[in-house]
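Everything on this sheet refers to the single structure shown next.
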Amino acid sequence: VPQGQAKAWAPKDVVLYNIPTAAGQKKDTSVPLPASYSPRYVEAAWYGWWEKEGFFKPEYQSRQPHGKPEIFSLCIPPPNVTGSLHLGHALTVAIEDSLVRWCRMQGFQVLWVPGSDHAGIATQAVVERKLWKERGTLRQDLTRGEFLAEVWKWKEEKGDEIFRQLKALGASLDWDRLCFTMDAGFSAAVAEAFMRLHEDGLVYRDRRLVNWSCALRSAISDVEVSTRQLQGRTVLPVPGCPAPVPFGVMFTFAYKVDGQEGEFPSSVQVGTTGVPQLPHPRGGCISVHPLSWDPGLRGSFLSTVLPAGAVKVTPAHSHADYELGKHHGLPLVSVIGEDGAMTAECGDWLQGLNRFVAREKVVSALKERGLYRGMKDHAMALPLCSRSGDVVENLLKSQWFLRCEEMAQRALEAVESGHLKLTPKFHEKNWRTWLSNISDWCISRQLWWGHQIPAYQVSVSGSCDLGKVSYLLIWNRAASLANLPSSSSADALFVSPDADVLDTWFSSALFPFAALGWPRKVGDLQEFYPNSLLETGSDLLFFWVARMVMLGEQLTGELPFSQVFLHSLVRDAHGRKMSKSLGNVVDPLDVIHGASLQDLQGRLRDGNLDPQEVAIAMEGQRRDFPQGIPECGTDALRFALCSHRVQGDDINLDVATVLSSRHFCNKVWNAVRFTLGALGEGFAPQTPEEVCPSSPMDRWILSRLYHTAADCGQRFGEYELHLVTSTVHHFWLHNFCDVYLESVKPVLQSRDQSRILQTRQTLLSCADLGLRLLSPFMPYLTEELWQRLPKPDADSAPSICVAGYPSAGQLVGELWAPNGKGWLSGEGVGLGPAGSEFIYLMCSEPAAHRVYEEYREPLQTLSLAGSLELCPSSKGAEPPVGWVWGRVNDHTEIYMDLQVRARCKHQTSGQVGMEGRGSGRTLDSVVQ
């Protein structure tokens with residue numbers, strides 16, 4: 001942190017230091033430790049040094065002298081190049097980086113591949129808005145090459161912002177292996193994948209219904225369609241429509257049954273929410289179209305009369321009607337064009353009108369003919385394009401498709417056989433449901449930005465029929481002409497590249513192996529593929545995970561990973577989905593650095609929400625963050641995220657939880673500061689394996705450390721990070737700080753040099769190994785403190801991030817406490833002023849009595865008792881007059897003399913004689 005800026009953030013009691021700003025320079029830790037914890041001071045400079053030293057590269061561990069290490073590899077879910085950091089990214093980084101750092105500290109050769117996705121629709125939309133805002137230029141005003149040049153220019157200027165944010169979160173990625181899905185090598189892999197799938201008969205071209213965004217003029221994937229549930233009439237703005245449009249209404253009108261005499265009022269009534277599709281010129285031939293009197297629609301038919309009534313059928317605009325139409329041989333006619341305007345099939349009176357403007361005109365025409373029967377509220381699910389906000393239409397388009405049934409079956413078998421493990425296991429049900437009912441995948445998009453489909457359209461003219469078309473697939477070798485239509489020498493061939501690009505999910509499904517150099521089976525692909533793990537949000541199980549598994553197995557012959565860990569989604573403190581329009585979106589950088597309410601609301605005003613949404617969002621911010629967001633730091637945010645049970649329900653993240661983790665950071669800071677002060681100058685440290693103290697409390701805290709290390713190792717392996725954080729938190733806060741540090745203060749003030757030396761060695765072992773246990777979650781704080789601890793000569797690790805992770809094998813703590821259990825809890829609190837109480841423990845169990853005798857000194861210290869005596873239990877005896885008592889367990893009782901207490905000038909409040917000073921906790925908790 002530049003010295004000139006330090007005063008803006010540093011508390012008054014923090015000593016300011018000049019922190020080196022040269023890239024990669026190691027931070028100076030020879031200066032005294034500041035009196036209080038400051039995230040901004042602690043988190044400065046370390047990341048650049050880690051990166052420069054190569055700690056994040058797999059080659060670092062492979063250079064170590066302990067033989068060939070195990071490999072742990074995974075890729076980050078590539079964020080969109082247009083993206084900015086949100087709490088979903090922060091959770092992903094916190095989880096993955098904790099696992100990566102844990103494996104690295106165990107000596108694994110770790111590769112964590114960074115990357116970003118070109119995000120076809122999102123990026124194209126961003127650049128189009130930029131061009132319109134700055135120049136008043138539409139994409140269509142430029143050539144494709146000119147527009148793509150603008151996209152690449154934007155990417156070079158803005159596209160790396162997400163990487164800077166990931167570094168701010170401490171993500172220990174190997175940045176030298178950074179992969180962008182539009183890089184030359186990755187693009188070649190995408191083309192290769194398309195060609196191989198086509199050669200295997202899995203890629204084909206067909207005319208089918210697809211999700212269509214008229215605003216984008218492109219097909220979109222299922223994941224880009226959001227559904228808005230409407231309970232009744234709801235007026236919504238629609239891109240390209242001059243006025244807001246009512247949805248959630250059912251229109252009813254009359255049909256004349258073919259051959260039935262009489263006027264239309266006596267005919268069949270039909271209801272629909274899709275009036276724009278009504279002017280359909282040809283359909284079923286059972287009933288007369290209600291608009292057939294119009295010259296442009298004379299003699300047309302539409303609906304089909306069934307035994308139970310009539311149903312309107314629009315085979316070219318509904319998936320259900322499409323199947324029904326195929327079954328009955330109905331013609332497929334589109335009445336809505338790519339731009340959302342009505343087509344020539346509707347007649348001159350509607351052609352070219354926006355589909356929702358045409359709806360009003362159709363309703364008016366029905367009213368004029370006396371066929372309109374009314375409108376009523378109707379609950380419905382309205383499909384919306386998540387990118388443009390447009391209402392999604394089902395349109396019949398010629399697209400490229402990928403056959404998925406056989407690949408999906410192999411993906412199912414992989415999970416059923418156990419070759420692919422899903423964690424948590426309950427996701428297997430969704431896996432089976434989705435893959436058992438999979439449809440062919442539409443993989444083409446009508447965009448300019450993306451991987452252009454490696455196919456050429458070949459038109460043949462001359463003696464052949466004009467307009468006869470086939471597709472000639474081209475890749476990196478000379479194309480065969482065997483599949484061209486037969487033609488004479490007089491025929492002319494017109495070859496043009498397919499204008500469509502591939503769905504972004506197609507290229508991202510190749511990421512685990514394409515990022516490692518596939519199809520070349522050398523180098524990283526040979527060494528690190530398949531990946532050890534895939535970790536991502538549970539919402540991507542089908543759209544990304546299943547597709548990676550299908551394409552990975554199909555193209556490489558191996559599953560791309562053997563384990564999938566799916567984490568929960570992050571919601572706000574009230575359980576609501578985070579939305580800009582609600583004002584509850586929390587930027588992780590605001591939690592890290594802090595932000596005033598004024599800053600938060602200024603960003604809302606500068607955003608692209610409409611004024612009504614801005615007002616709602618600002619009110620939400622005022623309610624949730626009346627004082628703004630306090631500075632919490634990266635370590636606190638990571639620890640708070642991992643402290644939630646990420647394998648279960650969605651996470652409701654409250655900033656107060658992160659602030660609590662910041663207070664925990666301060667507790668660790670002060671504990672290590674105390675330890676450094678206790679060690680003094682000239683201290684000769686031993687390794688943890690060499691420390692074997694005789695003091696009961698020293699043995700007790702090392703026993704707690706032993707069990708903590710054993711539990712953390714087991715829970716990490718099961719991806720139960722919330723239990724790891726809980727265990728480490730309990731050790732630091734309750735075992736080490738609340739009990740051990742308080743119990744050894746008299747020892748450190750004594751003149752018993754032997755006990756003092758043992759205590760110092762124990763303090764160092766606990767601080768050293770305790771920081772290592774905490775390091776995967778809090779890399780900055782632990783590095784800052786660990787670098788200041790004295791190291792034995794045998795410890796040559798330059799950084800805590802490559803130091804050994806503690807294991808139970810380093811300690812013999814199982815022998816240090818009775819039955820391997822701790823006899824002191826973390827709730828060691830006093831009963832009153834020191835020396836004000838006479839305490840008696842009555843114990844009927846000889847073994848327990850011996851333990852109490854051994855721990856008499858720390859029990860008296862922690863309880864602040866003036867005297868603590870141990871007596872055999874006298875069952876049935878009444879306590880003396882003026883005494884109170886309480887039962888701890890089936891063999892121990894506590895007695896206290898209230899007459900002595902009454903003579904004390906200071907008395908505590910609450911349950912007389914049994915409360916803990918300041919906290920309401922009792923001596924029985926200390927004994928337990």
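Residues in the structure tokens are named by chain (A, B, ... in the order shown) and by number from 1 within that chain; ligands are numbered from 1 in the order shown.
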Do you know which residues are at most 9 Å from range 206-220 of chain A counting only C-alpha atoms, after dropping those on the same chain fewer than 2 positions away, and could you put them as a ChimeraX atom specification? /A:121,125,204,222-225,239-240,316-319,322,337-341,384-385,387-401,442,444-447,503
Using 12 Å as the limit and counting only C-alpha atoms, can you tabulate each residue of range 507-583 of chain A that touches range 164-178 of chain A, with its shortest atom-to-atom distance in Å and the two atoms involved, as a Markdown table?
| residue | atom | partner | partner_atom | distance |
| --- | --- | --- | --- | --- |
| A:Phe511 | CA | A:Leu178 | CA | 11.7 |
| A:Ala514 | CA | A:Arg177 | CA | 11.9 |
| A:Ala515 | CA | A:Arg177 | CA | 8.3 |
| A:Leu516 | CA | A:Arg177 | CA | 8.5 |
| A:Gly517 | CA | A:Arg177 | CA | 10.4 |
| A:Asp524 | CA | A:Arg177 | CA | 9.8 |
Under the rule that only C-alpha atoms are counted, which of A:Val335, A:Leu769, A:Ala546, A:Leu566 is the nearest residue to Leu353 in chain A? A:Val335
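Counting only C-alpha atoms and comparing A:Cys179, A:Ala23, A:Leu723, A:Leu371, the residue that lies closest to Gln269 in chain A is A:Leu371.
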Name all residues at most 8 Å from Leu676 in chain A (count only C-alpha atoms; drop same-chain ones fewer than 4 positions away) and give them as a short mmCIF file (atom, residue, chain, number, x, y, z; two decimals) with C-alpha atoms, in the first residue's frame.
data_model
loop_
_atom_site.label_atom_id
_atom_site.label_comp_id
_atom_site.auth_asym_id
_atom_site.auth_seq_id
_atom_site.Cartn_x
_atom_site.Cartn_y
_atom_site.Cartn_z
CA VAL A 672 0.44 -15.05 17.41
CA GLY A 680 11.62 -13.51 22.97
CA LEU A 789 7.77 -17.26 13.42
#
As a ChimeraX atom specification, please: the residues near range 551-565 of chain A (cut-off 9 Å, only C-alpha atoms, same-chain neighbours under 5 positions excluded). /A:74,193,196-197,407,410-411,414,418-424,506,509-510,512-513,518-519,529-538,545-546,647,719
Please produce an output containing C-alpha atoms for each residue in the selection, written as a JSON list (two decimals), in the first residue's frame.
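What ended up in again_24.json:
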[["chain", "number", "residue", "atom", "x", "y", "z"],
["A", 74, "LEU", "CA", -8.58, -29.20, -12.23],
["A", 193, "ALA", "CA", -14.19, -31.62, -32.29],
["A", 196, "ARG", "CA", -14.83, -35.66, -35.55],
["A", 197, "LEU", "CA", -18.39, -35.61, -34.26],
["A", 407, "MET", "CA", -23.31, -40.23, -25.29],
["A", 410, "ARG", "CA", -22.51, -43.69, -21.41],
["A", 411, "ALA", "CA", -22.56, -40.73, -19.01],
["A", 414, "ALA", "CA", -20.31, -43.83, -15.66],
["A", 418, "GLY", "CA", -18.94, -45.52, -9.82],
["A", 419, "HIS", "CA", -16.33, -44.45, -12.37],
["A", 420, "LEU", "CA", -17.73, -40.93, -12.04],
["A", 421, "LYS", "CA", -18.58, -39.79, -8.51],
["A", 422, "LEU", "CA", -21.00, -36.92, -7.86],
["A", 423, "THR", "CA", -20.75, -35.09, -4.54],
["A", 424, "PRO", "CA", -23.22, -34.58, -2.91],
["A", 506, "PHE", "CA", -20.21, -26.47, -27.05],
["A", 509, "ALA", "CA", -17.66, -28.39, -22.84],
["A", 510, "LEU", "CA", -14.22, -29.04, -24.34],
["A", 512, "PRO", "CA", -10.87, -29.72, -19.53],
["A", 513, "PHE", "CA", -8.90, -31.18, -22.45],
["A", 518, "TRP", "CA", -5.94, -31.47, -27.20],
["A", 519, "PRO", "CA", -5.89, -33.00, -29.81],
["A", 529, "TYR", "CA", -5.62, -35.31, -18.18],
["A", 530, "PRO", "CA", -8.04, -36.59, -17.04],
["A", 531, "ASN", "CA", -8.47, -33.93, -14.35],
["A", 532, "SER", "CA", -8.70, -35.07, -10.75],
["A", 533, "LEU", "CA", -11.79, -33.02, -9.98],
["A", 534, "LEU", "CA", -14.45, -30.76, -11.45],
["A", 535, "GLU", "CA", -15.89, -28.27, -8.96],
["A", 536, "THR", "CA", -18.70, -25.90, -9.90],
["A", 537, "GLY", "CA", -22.17, -24.66, -8.98],
["A", 538, "SER", "CA", -24.99, -27.19, -8.84],
["A", 545, "VAL", "CA", -20.96, -30.82, -16.43],
["A", 546, "ALA", "CA", -23.01, -33.39, -18.36],
["A", 647, "GLN", "CA", -23.11, -29.39, -0.15],
["A", 719, "TYR", "CA", -15.05, -31.95, 0.71]]
Quick one, how far is CA of Arg645 in chain A from CA of Tyr740 in chain A? 29.2 Å
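Comparing A:Leu702, A:Ile629, A:Ile616, A:Asn735 by their smallest distance to Ser596 in chain A, the closest is A:Ile629 (using only C-alpha atoms).
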